[in-house]
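Here is the file upload.txt (compact mmCIF, C-alpha atoms).
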```
# COMPACT_ATOMS: atom_id res chain seq x y z
CA MET A 1 -26.46 106.49 -51.17
CA SER A 2 -29.69 106.27 -49.16
CA THR A 3 -31.05 102.72 -49.33
CA PRO A 4 -34.72 103.72 -48.82
CA ASP A 5 -34.47 106.30 -51.61
CA LEU A 6 -32.80 103.75 -53.87
CA LEU A 7 -35.55 101.21 -53.20
CA LEU A 8 -38.22 103.81 -53.95
CA ALA A 9 -36.56 104.68 -57.23
CA ILE A 10 -36.25 101.01 -58.24
CA GLY A 11 -39.84 100.33 -57.21
CA GLY A 12 -41.05 103.26 -59.28
CA GLY A 13 -38.99 102.19 -62.27
CA ALA A 14 -40.33 98.65 -62.03
CA ALA A 15 -43.88 100.01 -61.86
CA LEU A 16 -43.31 102.10 -64.98
CA LEU A 17 -41.93 99.08 -66.82
CA ALA A 18 -44.95 97.06 -65.70
CA ALA A 19 -47.05 99.52 -67.70
CA LEU A 20 -44.77 99.68 -70.76
CA LEU A 21 -43.58 96.10 -71.25
CA PRO A 22 -46.87 94.28 -71.90
CA GLY A 23 -47.39 96.17 -75.14
CA ILE A 24 -43.77 95.75 -76.17
CA LEU A 25 -43.70 92.01 -75.48
CA ALA A 26 -47.12 91.19 -76.92
CA ARG A 27 -46.98 88.14 -79.21
CA ARG A 28 -43.26 87.68 -78.56
CA ALA A 29 -41.82 84.36 -77.36
CA ILE A 30 -40.84 85.76 -73.97
CA SER A 31 -43.15 86.40 -71.05
CA LEU A 32 -43.36 89.40 -68.79
CA PRO A 33 -42.44 87.36 -65.66
CA LEU A 34 -39.29 86.11 -67.38
CA VAL A 35 -38.22 89.67 -68.19
CA TYR A 36 -38.76 90.73 -64.57
CA LEU A 37 -36.80 87.73 -63.36
CA ILE A 38 -33.83 88.47 -65.61
CA GLY A 39 -34.05 92.13 -64.65
CA GLY A 40 -33.89 91.22 -60.97
CA VAL A 41 -30.77 89.11 -61.50
CA LEU A 42 -29.02 91.92 -63.38
CA LEU A 43 -30.15 94.58 -60.90
CA PHE A 44 -28.82 92.78 -57.85
CA LEU A 45 -25.52 92.06 -59.57
CA LEU A 46 -24.87 95.81 -59.77
CA PRO A 47 -22.59 97.24 -57.02
CA ILE A 48 -25.20 99.67 -55.69
CA GLY A 49 -25.64 98.28 -52.18
CA LEU A 50 -29.06 96.67 -52.46
CA PRO A 51 -30.04 94.65 -49.36
CA GLU A 52 -29.98 90.88 -49.83
CA PRO A 53 -33.49 89.44 -50.40
CA ASP A 54 -33.14 86.57 -47.94
CA PRO A 55 -36.43 84.64 -47.51
CA VAL A 56 -35.20 83.04 -44.29
CA THR A 57 -34.51 86.38 -42.62
CA HIS A 58 -37.52 88.14 -44.09
CA ARG A 59 -39.94 85.20 -43.97
CA VAL A 60 -42.83 87.08 -42.34
CA ALA A 61 -42.70 89.99 -44.78
CA LEU A 62 -42.49 87.59 -47.73
CA GLU A 63 -45.43 85.57 -46.44
CA HIS A 64 -47.72 88.60 -46.31
CA ILE A 65 -46.58 90.13 -49.62
CA THR A 66 -47.05 86.88 -51.53
CA GLU A 67 -50.37 86.29 -49.74
CA LEU A 68 -51.64 89.67 -50.95
CA CYS A 69 -50.42 89.03 -54.48
CA VAL A 70 -52.18 85.66 -54.65
CA VAL A 71 -55.55 86.86 -53.32
CA ILE A 72 -55.58 89.77 -55.76
CA SER A 73 -54.77 87.47 -58.66
CA LEU A 74 -57.57 85.10 -57.57
CA MET A 75 -60.07 87.94 -57.75
CA GLY A 76 -58.82 88.82 -61.23
CA ALA A 77 -59.05 85.22 -62.39
CA GLY A 78 -62.60 84.81 -61.14
CA LEU A 79 -63.79 88.04 -62.72
CA ALA A 80 -62.26 87.08 -66.08
CA ILE A 81 -63.87 83.64 -66.42
CA ASN A 82 -66.77 83.82 -68.85
CA ARG A 83 -68.02 80.25 -68.44
CA ARG A 84 -70.65 79.73 -65.79
CA ALA A 85 -69.87 77.17 -63.09
CA GLY A 86 -71.27 73.67 -63.55
CA LEU A 87 -70.40 70.00 -63.49
CA ARG A 88 -70.16 69.52 -67.26
CA GLY A 89 -68.72 72.88 -68.26
CA TRP A 90 -66.02 72.65 -65.61
CA ALA A 91 -65.39 68.91 -66.05
CA THR A 92 -61.72 69.34 -66.97
CA THR A 93 -61.20 71.56 -63.92
CA TRP A 94 -62.73 69.00 -61.57
CA ARG A 95 -60.51 66.29 -63.06
CA LEU A 96 -57.37 68.38 -62.58
CA LEU A 97 -58.33 69.22 -59.00
CA GLY A 98 -59.71 65.84 -57.94
CA TRP A 99 -57.10 63.59 -59.56
CA GLY A 100 -54.26 65.65 -60.98
CA MET A 101 -53.43 67.59 -57.83
CA PRO A 102 -53.33 64.59 -55.44
CA LEU A 103 -51.22 62.66 -57.97
CA THR A 104 -48.80 65.56 -58.17
CA VAL A 105 -48.54 65.86 -54.39
CA ALA A 106 -47.89 62.13 -54.00
CA ALA A 107 -45.34 62.01 -56.81
CA VAL A 108 -43.35 65.04 -55.60
CA ALA A 109 -43.39 63.76 -52.02
CA ALA A 110 -42.20 60.31 -53.15
CA VAL A 111 -39.38 61.81 -55.20
CA ALA A 112 -38.35 63.99 -52.25
CA LEU A 113 -38.23 60.92 -50.00
CA LEU A 114 -36.22 58.85 -52.48
CA LEU A 115 -33.85 61.45 -53.93
CA LEU A 116 -33.46 63.92 -51.08
CA GLY A 117 -33.95 61.58 -48.13
CA TRP A 118 -36.07 64.17 -46.36
CA PRO A 119 -38.38 63.37 -43.41
CA ILE A 120 -41.98 62.56 -44.32
CA GLY A 121 -43.26 65.93 -43.13
CA ALA A 122 -40.79 67.86 -45.27
CA ALA A 123 -41.45 65.65 -48.31
CA LEU A 124 -45.22 66.11 -47.94
CA LEU A 125 -44.74 69.85 -47.53
CA LEU A 126 -42.74 70.01 -50.76
CA GLY A 127 -45.51 68.14 -52.56
CA ALA A 128 -48.15 70.50 -51.16
CA VAL A 129 -46.14 73.63 -51.93
CA LEU A 130 -45.34 72.66 -55.52
CA ALA A 131 -48.66 71.03 -56.44
CA PRO A 132 -50.87 74.10 -57.03
CA THR A 133 -50.60 75.92 -60.34
CA ASP A 134 -50.27 79.66 -60.17
CA PRO A 135 -52.84 82.31 -61.14
CA VAL A 136 -50.20 85.05 -60.87
CA LEU A 137 -47.61 83.91 -63.40
CA ALA A 138 -49.97 82.05 -65.73
CA SER A 139 -51.38 85.14 -67.49
CA ASP A 140 -49.95 84.08 -70.85
CA VAL A 141 -52.07 80.91 -70.83
CA SER A 142 -55.15 82.18 -68.98
CA VAL A 143 -58.40 83.75 -70.06
CA GLY A 144 -58.38 87.43 -70.98
CA GLU A 145 -60.89 90.16 -70.21
CA PRO A 146 -64.56 89.57 -69.38
CA VAL A 147 -66.76 89.39 -72.49
CA ASP A 148 -70.48 88.86 -73.04
CA ALA A 149 -70.30 85.38 -74.58
CA ALA A 150 -70.38 82.65 -71.93
CA ASP A 151 -68.59 80.24 -74.29
CA ALA A 152 -65.76 82.65 -75.23
CA ASP A 153 -63.06 80.82 -73.26
CA ASP A 154 -61.35 77.95 -75.06
CA GLU A 155 -60.78 74.75 -73.08
CA VAL A 156 -57.06 75.33 -72.47
CA ARG A 157 -57.27 78.86 -71.16
CA PHE A 158 -60.41 78.18 -69.18
CA SER A 159 -59.10 74.99 -67.55
CA LEU A 160 -55.77 76.49 -66.58
CA THR A 161 -57.40 79.62 -65.14
CA SER A 162 -60.12 77.82 -63.18
CA GLU A 163 -57.66 75.20 -61.92
CA ALA A 164 -55.27 77.88 -60.68
CA GLY A 165 -58.16 79.78 -59.11
CA LEU A 166 -59.19 76.84 -56.95
CA ASN A 167 -56.10 74.75 -56.28
CA ASP A 168 -54.30 77.52 -54.41
CA GLY A 169 -56.91 77.17 -51.69
CA LEU A 170 -57.14 73.39 -51.92
CA ALA A 171 -53.42 73.05 -51.23
CA PHE A 172 -53.94 74.37 -47.70
CA PRO A 173 -55.26 71.08 -46.19
CA ILE A 174 -52.17 69.27 -47.46
CA VAL A 175 -49.92 71.97 -46.03
CA TYR A 176 -51.69 71.60 -42.69
CA ALA A 177 -51.18 67.83 -42.87
CA ALA A 178 -47.45 68.34 -43.46
CA ILE A 179 -47.28 70.72 -40.50
CA ALA A 180 -49.06 68.16 -38.30
CA VAL A 181 -46.69 65.38 -39.37
CA ALA A 182 -43.66 67.58 -38.61
CA ALA A 183 -44.94 69.00 -35.33
CA VAL A 184 -46.93 66.11 -33.84
CA GLY A 185 -46.08 62.94 -35.74
CA GLY A 186 -48.07 59.73 -35.64
CA VAL A 187 -51.69 59.68 -36.82
CA GLY A 188 -53.53 61.10 -33.82
CA TRP A 189 -54.07 64.38 -35.66
CA VAL A 190 -55.85 62.84 -38.66
CA SER A 191 -59.45 62.99 -37.41
CA GLU A 192 -59.24 66.63 -36.36
CA TRP A 193 -57.47 67.48 -39.61
CA ALA A 194 -60.16 65.80 -41.69
CA LEU A 195 -63.01 67.50 -39.85
CA VAL A 196 -61.50 70.96 -39.42
CA ASP A 197 -58.81 71.56 -42.03
CA VAL A 198 -60.49 69.65 -44.85
CA LEU A 199 -64.24 69.69 -44.27
CA TYR A 200 -64.94 72.80 -42.21
CA ARG A 201 -62.39 75.23 -43.67
CA THR A 202 -63.15 74.26 -47.27
CA THR A 203 -66.92 74.44 -46.76
CA ALA A 204 -66.59 77.75 -44.94
CA GLY A 205 -64.53 79.14 -47.82
CA VAL A 206 -67.11 78.14 -50.41
CA ILE A 207 -70.11 79.37 -48.36
CA CYS A 208 -68.45 82.69 -47.49
CA GLY A 209 -67.52 83.17 -51.12
CA LEU A 210 -71.07 82.52 -52.31
CA LEU A 211 -72.75 84.68 -49.66
CA LEU A 212 -70.38 87.62 -49.98
CA GLY A 213 -70.35 87.34 -53.75
CA ARG A 214 -74.15 87.54 -53.89
CA LEU A 215 -74.30 90.43 -51.43
CA LEU A 216 -71.58 92.37 -53.29
CA GLY A 217 -73.10 91.53 -56.66
CA ARG A 218 -76.43 92.91 -55.51
CA LEU A 219 -74.74 96.05 -54.16
CA PHE A 220 -72.76 96.54 -57.37
CA PHE A 221 -75.57 95.98 -59.87
CA HIS A 222 -79.01 95.76 -58.25
CA ALA A 223 -79.12 98.14 -55.27
CA GLY A 224 -82.54 99.78 -54.99
CA GLU A 225 -81.19 103.32 -55.11
CA LYS A 226 -79.01 104.38 -58.00
CA LYS A 227 -76.57 106.27 -55.78
CA LEU A 228 -75.86 103.03 -53.89
CA ARG A 229 -75.37 101.00 -57.08
CA LEU A 230 -71.59 100.91 -57.34
CA ALA A 231 -71.60 99.86 -60.99
CA GLU A 232 -72.92 103.36 -61.75
CA HIS A 233 -69.86 104.93 -60.11
CA ARG A 234 -67.36 102.91 -62.21
CA ASP A 235 -64.74 102.83 -59.42
CA GLY A 236 -62.25 100.04 -60.11
CA PHE A 237 -60.76 100.00 -56.62
CA VAL A 238 -63.99 98.40 -55.40
CA ALA A 239 -62.53 95.11 -56.67
CA LEU A 240 -59.69 95.49 -54.18
CA ALA A 241 -62.22 96.28 -51.44
CA ALA A 242 -64.18 93.13 -52.30
CA THR A 243 -60.98 91.07 -52.28
CA LEU A 244 -59.78 92.26 -48.88
CA LEU A 245 -63.25 92.14 -47.31
CA THR A 246 -63.90 88.59 -48.50
CA TYR A 247 -60.48 87.31 -47.55
CA GLY A 248 -60.47 88.97 -44.13
CA LEU A 249 -63.97 87.88 -43.11
CA THR A 250 -63.43 84.30 -44.28
CA GLU A 251 -60.15 84.02 -42.41
CA LEU A 252 -61.83 85.42 -39.29
CA VAL A 253 -64.19 82.43 -39.28
CA HIS A 254 -61.22 80.15 -40.05
CA GLY A 255 -62.28 79.33 -43.60
CA TYR A 256 -59.98 79.22 -46.59
CA GLY A 257 -59.80 82.79 -47.83
CA PHE A 258 -58.19 81.82 -51.15
CA ILE A 259 -61.20 79.69 -52.06
CA ALA A 260 -63.62 82.36 -50.86
CA VAL A 261 -62.04 85.13 -52.95
CA PHE A 262 -62.18 83.10 -56.16
CA VAL A 263 -65.77 81.99 -55.50
CA THR A 264 -66.75 85.57 -54.68
CA ALA A 265 -65.23 86.82 -57.93
CA CYS A 266 -67.09 84.21 -59.99
CA THR A 267 -70.34 85.00 -58.17
CA ILE A 268 -69.97 88.75 -58.72
CA ARG A 269 -69.31 88.11 -62.40
CA ASN A 270 -72.44 85.97 -62.71
CA ALA A 271 -74.59 88.57 -60.94
CA GLU A 272 -74.65 90.62 -64.15
CA HIS A 273 -72.64 88.62 -66.64
CA GLY A 274 -72.43 91.07 -69.52
CA HIS A 275 -72.16 94.34 -67.59
CA GLY A 276 -69.23 96.58 -68.52
CA TYR A 277 -68.42 97.16 -64.84
CA ASN A 278 -66.92 93.67 -64.77
CA ASN A 279 -64.21 94.96 -67.12
CA VAL A 280 -63.58 97.95 -64.87
CA LEU A 281 -63.16 95.72 -61.82
CA HIS A 282 -60.99 93.21 -63.67
CA GLY A 283 -58.82 95.93 -65.20
CA PHE A 284 -58.04 97.49 -61.82
CA VAL A 285 -57.20 94.16 -60.20
CA GLU A 286 -55.01 93.18 -63.14
CA GLN A 287 -52.98 96.37 -62.80
CA ILE A 288 -52.37 95.79 -59.09
CA GLU A 289 -51.47 92.15 -59.77
CA ARG A 290 -49.01 93.14 -62.48
CA LEU A 291 -47.35 95.67 -60.18
CA LEU A 292 -46.94 93.26 -57.26
CA THR A 293 -45.71 90.53 -59.60
CA ALA A 294 -43.03 92.84 -61.00
CA TRP A 295 -41.69 93.63 -57.54
CA LEU A 296 -41.77 90.03 -56.34
CA LEU A 297 -39.99 88.69 -59.42
CA LEU A 298 -37.31 91.34 -59.12
CA LEU A 299 -36.73 90.04 -55.59
CA LEU A 300 -36.69 86.44 -56.83
CA GLY A 301 -34.07 87.42 -59.40
CA GLY A 302 -32.14 89.09 -56.60
CA PHE A 303 -32.39 85.89 -54.56
CA VAL A 304 -30.66 84.06 -57.42
CA ALA A 305 -28.05 86.78 -57.95
CA THR A 306 -27.06 86.88 -54.27
CA GLY A 307 -26.47 83.13 -53.97
CA GLY A 308 -29.89 81.94 -52.88
CA LEU A 309 -29.44 78.69 -54.80
CA ALA A 310 -26.18 77.83 -53.05
CA ALA A 311 -27.99 75.25 -50.92
CA LEU A 312 -29.42 73.52 -54.02
CA THR A 313 -28.08 70.00 -54.62
CA TRP A 314 -28.37 68.06 -57.85
CA GLN A 315 -31.06 65.97 -56.19
CA GLY A 316 -33.05 69.11 -55.36
CA ALA A 317 -32.67 70.36 -58.92
CA ALA A 318 -33.82 66.96 -60.19
CA VAL A 319 -37.02 67.24 -58.13
CA GLY A 320 -37.80 70.60 -59.72
CA LEU A 321 -37.09 69.35 -63.23
CA LEU A 322 -39.11 66.18 -62.71
CA LEU A 323 -42.07 68.23 -61.49
CA VAL A 324 -42.12 70.56 -64.49
CA LEU A 325 -41.09 68.11 -67.21
CA VAL A 326 -42.57 64.79 -66.05
CA ILE A 327 -44.85 64.78 -63.00
CA ARG A 328 -47.26 67.56 -63.91
CA PRO A 329 -47.47 66.64 -67.62
CA VAL A 330 -48.10 62.96 -66.89
CA ALA A 331 -50.59 63.62 -64.07
CA GLY A 332 -52.39 66.22 -66.17
CA TRP A 333 -52.58 63.90 -69.17
CA LEU A 334 -53.86 60.91 -67.21
CA THR A 335 -56.58 62.87 -65.44
CA GLN A 336 -57.95 64.18 -68.76
CA LEU A 337 -58.33 60.83 -70.52
CA GLY A 338 -61.88 60.67 -71.82
CA GLY A 339 -62.45 64.33 -70.98
CA ALA A 340 -63.69 67.30 -72.98
CA ALA A 341 -60.30 68.53 -74.22
CA GLY A 342 -59.00 67.41 -77.60
CA PRO A 343 -55.57 65.76 -78.03
CA HIS A 344 -53.64 68.99 -78.65
CA GLU A 345 -55.51 70.84 -75.90
CA ARG A 346 -54.86 67.98 -73.49
CA ILE A 347 -51.12 68.28 -74.10
CA ALA A 348 -51.15 72.04 -73.52
CA ILE A 349 -53.20 71.81 -70.33
CA SER A 350 -50.88 69.12 -69.00
CA PHE A 351 -47.72 71.02 -69.90
CA PHE A 352 -48.64 74.49 -68.65
CA GLY A 353 -48.86 73.80 -64.96
CA VAL A 354 -47.16 77.07 -64.06
CA ARG A 355 -45.59 77.27 -60.59
CA GLY A 356 -45.02 80.61 -58.93
CA ILE A 357 -45.99 83.02 -56.19
CA GLY A 358 -48.41 80.64 -54.47
CA SER A 359 -45.60 78.16 -53.84
CA LEU A 360 -43.51 80.90 -52.22
CA PHE A 361 -46.41 81.87 -49.97
CA TYR A 362 -47.12 78.33 -48.79
CA LEU A 363 -43.48 77.68 -47.97
CA ALA A 364 -43.13 80.94 -46.06
CA TYR A 365 -46.30 80.18 -44.13
CA ALA A 366 -45.37 76.58 -43.27
CA LEU A 367 -41.87 77.46 -42.11
CA GLY A 368 -43.42 79.77 -39.54
CA GLN A 369 -45.52 76.93 -38.11
CA ALA A 370 -43.12 74.00 -37.60
CA ASP A 371 -39.59 72.67 -37.91
CA PHE A 372 -39.48 70.21 -40.80
CA GLY A 373 -36.04 68.77 -40.09
CA VAL A 374 -34.54 70.28 -43.24
CA PRO A 375 -32.55 73.54 -43.37
CA ALA A 376 -34.84 76.37 -44.45
CA ALA A 377 -32.25 77.50 -46.99
CA GLU A 378 -32.42 74.11 -48.71
CA LEU A 379 -36.21 74.13 -48.83
CA TRP A 380 -36.16 77.62 -50.32
CA ALA A 381 -33.54 76.61 -52.88
CA VAL A 382 -35.56 73.61 -54.13
CA VAL A 383 -38.85 75.53 -54.35
CA ALA A 384 -37.23 78.59 -55.93
CA PHE A 385 -35.50 76.41 -58.52
CA ALA A 386 -38.80 74.77 -59.46
CA VAL A 387 -40.44 78.18 -59.82
CA LEU A 388 -37.51 79.50 -61.86
CA THR A 389 -37.65 76.47 -64.14
CA SER A 390 -41.35 77.04 -64.70
CA VAL A 391 -40.95 80.77 -65.35
CA VAL A 392 -38.20 80.21 -67.90
CA LEU A 393 -39.64 77.17 -69.70
CA HIS A 394 -43.28 78.26 -69.75
CA GLY A 395 -42.34 81.87 -70.38
CA ILE A 396 -40.51 80.98 -73.59
CA THR A 397 -43.02 78.45 -74.90
CA ALA A 398 -46.39 79.98 -73.94
CA THR A 399 -46.87 82.39 -76.85
CA PRO A 400 -45.82 80.09 -79.73
CA ILE A 401 -47.73 77.10 -78.35
CA MET A 402 -50.91 79.05 -77.67
CA ASP A 403 -50.71 80.71 -81.08
CA ARG A 404 -50.35 77.29 -82.68
CA LEU A 405 -53.38 75.99 -80.77
CA ASP A 406 -55.44 79.01 -81.82
CA THR A 407 -54.45 78.46 -85.44
CA LEU A 408 -55.41 74.79 -85.27
CA ARG A 409 -58.70 75.68 -83.60
CA ASP A 410 -60.00 78.42 -85.88
CA GLY A 411 -57.39 79.04 -88.54
CA ARG A 412 -56.02 82.29 -87.16
CA PRO A 413 -54.07 83.46 -84.10
CA ARG A 414 -56.13 84.75 -81.21
CA ASP A 415 -56.13 88.53 -80.93
CA VAL A 416 -54.32 90.09 -78.03
CA ASP A 417 -57.09 90.49 -75.47
CA ARG A 418 -55.12 91.27 -72.38
CA ALA A 419 -51.98 93.27 -71.72
CA GLY A 420 -49.05 90.92 -71.87
CA ASN A 421 -50.90 88.04 -73.62
```
Turn this file's structure into structure tokens for me.
Amino acid sequence: MSTPDLLLAIGGGAALLAALLPGILARRAISLPLVYLIGGVLLFLLPIGLPEPDPVTHRVALEHITELCVVISLMGAGLAINRRAGLRGWATTWRLLGWGMPLTVAAVAAVALLLLGWPIGAALLLGAVLAPTDPVLASDVSVGEPVDAADADDEVRFSLTSEAGLNDGLAFPIVYAAIAVAAVGGVGWVSEWALVDVLYRTTAGVICGLLLGRLLGRLFFHAGEKKLRLAEHRDGFVALAATLLTYGLTELVHGYGFIAVFVTACTIRNAEHGHGYNNVLHGFVEQIERLLTAWLLLLLGGFVATGGLAALTWQGAAVGLLLVLVIRPVAGWLTQLGGAAGPHERIAISFFGVRGIGSLFYLAYALGQADFGVPAAELWAVVAFAVLTSVVLHGITATPIMDRLDTLRDGRPRDVDRAGN
């Protein structure tokens, strides 16, 4: 049996299922990512000669595939948010980013030091890798399609979407700090890190996102000649062009491309808030995201089926469980005290800190930059277990909990507004 032909057939089958399953699973207490994950486990258990999806051997390929998946999902998240950016309207988001994320990093790193006995660099890396929530796998608790009303997004869906859109980029400075600790040691790197990795790269990401978003928004909706106004052409792939252009240019000037892509998407959306072309752009990006997610989760399931968790110790499993069940919920709850969310919403926002593809990208990237004094297989096992725990737990609970919240909020379940939600 030809392996390339087999992989093509499986890839095509997974793509077809990515189109069929959202409608089948709508309103059911099982998420699309969980189905892909289970399917990957079963597929790689079959005696058909599939190559082993080893992240250590194929680190570079995994880094770039997950990177692409994350940037596409960030564009989709930004285009879907209906609430305009501001200090008050985004207050819950700023709390989760400014307080919740650092608390999560510190708590995970401390647990890794105490339970796993890892070096400081490796412990800090684990905190950085597992701190950001994921815009890829959080579709069941995120906002849906773009709509005209600026206040259409409830606090839970909005906060989780906007948090995931920004914290993937904000995790990068912490990853760079972990790399510096592992590679250099001491504290001599701190000043350069603060000026370059924190201040310059973050600022560059925001500025590039705003500038490119305004330029693209003008081109899409307000170009002087109708034939140059891309909104008139209704081509959805333009969203992919905007994603790659923004990410590539921002990275060329050493800014954070993840931040830039999300900011660009929000800026494009605000250029003509109620225009139907926003739905065209978002719909195309969502389809690409769903396809890449299906393939990646099949590989993650294959990683489990082929013994990828063999290096996982009970201490490593405890770190993953503590993150999902204790650290994120407690940090999320504390940072929202006195905030805009009500009691039930606060619980949901704290609980649904979905971990996923972003964590896999950051780990793959970091392992290519430094030796952290811990076997790569063990690092992959701990991170993969945390992601698996999140996919299973959040995948089973998302629909019933969100339906319950919608019923409490307005007396009826929210209509299905997005494939798979």
If we count only C-alpha atoms, what is near Leu309 of chain A at a cut-off of 12 Å, once residues fewer than 5 positions away on the same chain are taken out, given as JSON, numbers by chain?
{"A": [54, 55, 300, 301, 302, 303, 304, 314, 316, 317, 376, 377, 378, 379, 380, 381, 382, 383, 384, 385, 386, 388]}
So that each row is one residue of segment 249-328 of chain A with an atom at most 10 Å from segment 194-213 of chain A, can you give its shortest atom pair and the distance in Å to one decimal, using only C-alpha atoms, rows by chain and rising number, as a Markdown table?
```
| residue | atom | partner | partner_atom | distance |
| --- | --- | --- | --- | --- |
| A:Leu249 | CA | A:Cys208 | CA | 8.1 |
| A:Thr250 | CA | A:Cys208 | CA | 6.2 |
| A:Glu251 | CA | A:Gly205 | CA | 8.5 |
| A:Val253 | CA | A:Ala204 | CA | 7.7 |
| A:His254 | CA | A:Arg201 | CA | 6.2 |
| A:Gly255 | CA | A:Arg201 | CA | 4.1 |
| A:Tyr256 | CA | A:Gly205 | CA | 4.7 |
| A:Gly257 | CA | A:Gly205 | CA | 6.0 |
| A:Phe258 | CA | A:Gly205 | CA | 7.6 |
| A:Ile259 | CA | A:Gly205 | CA | 5.4 |
| A:Ala260 | CA | A:Gly209 | CA | 4.0 |
| A:Val261 | CA | A:Gly209 | CA | 6.1 |
| A:Phe262 | CA | A:Gly209 | CA | 7.3 |
| A:Val263 | CA | A:Gly209 | CA | 4.9 |
| A:Thr264 | CA | A:Gly213 | CA | 4.1 |
| A:Ala265 | CA | A:Gly213 | CA | 6.6 |
| A:Cys266 | CA | A:Gly213 | CA | 7.7 |
| A:Thr267 | CA | A:Gly213 | CA | 5.0 |
| A:Ile268 | CA | A:Gly213 | CA | 5.2 |
| A:Arg269 | CA | A:Gly213 | CA | 8.7 |
| A:Asn270 | CA | A:Gly213 | CA | 9.3 |
| A:Ala271 | CA | A:Gly213 | CA | 8.4 |
```
Residue selection dump (C-alpha atoms) as a PDB file, in the frame of the given file:
```
ATOM      1  CA  LEU A 249     -63.970  87.880 -43.110  1.00  0.00           C
ATOM      2  CA  THR A 250     -63.430  84.300 -44.280  1.00  0.00           C
ATOM      3  CA  GLU A 251     -60.150  84.020 -42.410  1.00  0.00           C
ATOM      4  CA  VAL A 253     -64.190  82.430 -39.280  1.00  0.00           C
ATOM      5  CA  HIS A 254     -61.220  80.150 -40.050  1.00  0.00           C
ATOM      6  CA  GLY A 255     -62.280  79.330 -43.600  1.00  0.00           C
ATOM      7  CA  TYR A 256     -59.980  79.220 -46.590  1.00  0.00           C
ATOM      8  CA  GLY A 257     -59.800  82.790 -47.830  1.00  0.00           C
ATOM      9  CA  PHE A 258     -58.190  81.820 -51.150  1.00  0.00           C
ATOM     10  CA  ILE A 259     -61.200  79.690 -52.060  1.00  0.00           C
ATOM     11  CA  ALA A 260     -63.620  82.360 -50.860  1.00  0.00           C
ATOM     12  CA  VAL A 261     -62.040  85.130 -52.950  1.00  0.00           C
ATOM     13  CA  PHE A 262     -62.180  83.100 -56.160  1.00  0.00           C
ATOM     14  CA  VAL A 263     -65.770  81.990 -55.500  1.00  0.00           C
ATOM     15  CA  THR A 264     -66.750  85.570 -54.680  1.00  0.00           C
ATOM     16  CA  ALA A 265     -65.230  86.820 -57.930  1.00  0.00           C
ATOM     17  CA  CYS A 266     -67.090  84.210 -59.990  1.00  0.00           C
ATOM     18  CA  THR A 267     -70.340  85.000 -58.170  1.00  0.00           C
ATOM     19  CA  ILE A 268     -69.970  88.750 -58.720  1.00  0.00           C
ATOM     20  CA  ARG A 269     -69.310  88.110 -62.400  1.00  0.00           C
ATOM     21  CA  ASN A 270     -72.440  85.970 -62.710  1.00  0.00           C
ATOM     22  CA  ALA A 271     -74.590  88.570 -60.940  1.00  0.00           C
TER      23      ALA A 271
END
```
Which value, in Å to one decimal, gives the distance between atom CA of Ser159 of chain A and atom CA of Leu68 of chain A?
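Computing it gives 23.4 Å between the two atoms.
Between atom CA of Leu323 of chain A and atom CA of Thr306 of chain A the separation is 25.0 Å.
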By how many Å are atom CA of Tyr365 of chain A and atom CA of Phe351 of chain A apart?
27.4 Å
Would you mind listing what lies within 10 Å of segment 122-126 of chain A as a VMD selection string, with only C-alpha atoms counted and same-chain residues fewer than 2 positions away left out?
chain A and resid 105 to 114 116 to 120 128 to 131 171 174 to 179 181 to 182 319 359 362 to 363 366 to 367 371 to 374 379 382 to 383
Would you write out those residues with C-alpha atoms, as a tab-separated table (two decimals), keeping the file's coordinate frame?
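Final file, part.tsv:
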```
chain	number	residue	atom	x	y	z
A	105	VAL	CA	-48.54	65.86	-54.39
A	106	ALA	CA	-47.89	62.13	-54.00
A	107	ALA	CA	-45.34	62.01	-56.81
A	108	VAL	CA	-43.35	65.04	-55.60
A	109	ALA	CA	-43.39	63.76	-52.02
A	110	ALA	CA	-42.20	60.31	-53.15
A	111	VAL	CA	-39.38	61.81	-55.20
A	112	ALA	CA	-38.35	63.99	-52.25
A	113	LEU	CA	-38.23	60.92	-50.00
A	114	LEU	CA	-36.22	58.85	-52.48
A	116	LEU	CA	-33.46	63.92	-51.08
A	117	GLY	CA	-33.95	61.58	-48.13
A	118	TRP	CA	-36.07	64.17	-46.36
A	119	PRO	CA	-38.38	63.37	-43.41
A	120	ILE	CA	-41.98	62.56	-44.32
A	128	ALA	CA	-48.15	70.50	-51.16
A	129	VAL	CA	-46.14	73.63	-51.93
A	130	LEU	CA	-45.34	72.66	-55.52
A	131	ALA	CA	-48.66	71.03	-56.44
A	171	ALA	CA	-53.42	73.05	-51.23
A	174	ILE	CA	-52.17	69.27	-47.46
A	175	VAL	CA	-49.92	71.97	-46.03
A	176	TYR	CA	-51.69	71.60	-42.69
A	177	ALA	CA	-51.18	67.83	-42.87
A	178	ALA	CA	-47.45	68.34	-43.46
A	179	ILE	CA	-47.28	70.72	-40.50
A	181	VAL	CA	-46.69	65.38	-39.37
A	182	ALA	CA	-43.66	67.58	-38.61
A	319	VAL	CA	-37.02	67.24	-58.13
A	359	SER	CA	-45.60	78.16	-53.84
A	362	TYR	CA	-47.12	78.33	-48.79
A	363	LEU	CA	-43.48	77.68	-47.97
A	366	ALA	CA	-45.37	76.58	-43.27
A	367	LEU	CA	-41.87	77.46	-42.11
A	371	ASP	CA	-39.59	72.67	-37.91
A	372	PHE	CA	-39.48	70.21	-40.80
A	373	GLY	CA	-36.04	68.77	-40.09
A	374	VAL	CA	-34.54	70.28	-43.24
A	379	LEU	CA	-36.21	74.13	-48.83
A	382	VAL	CA	-35.56	73.61	-54.13
A	383	VAL	CA	-38.85	75.53	-54.35
```
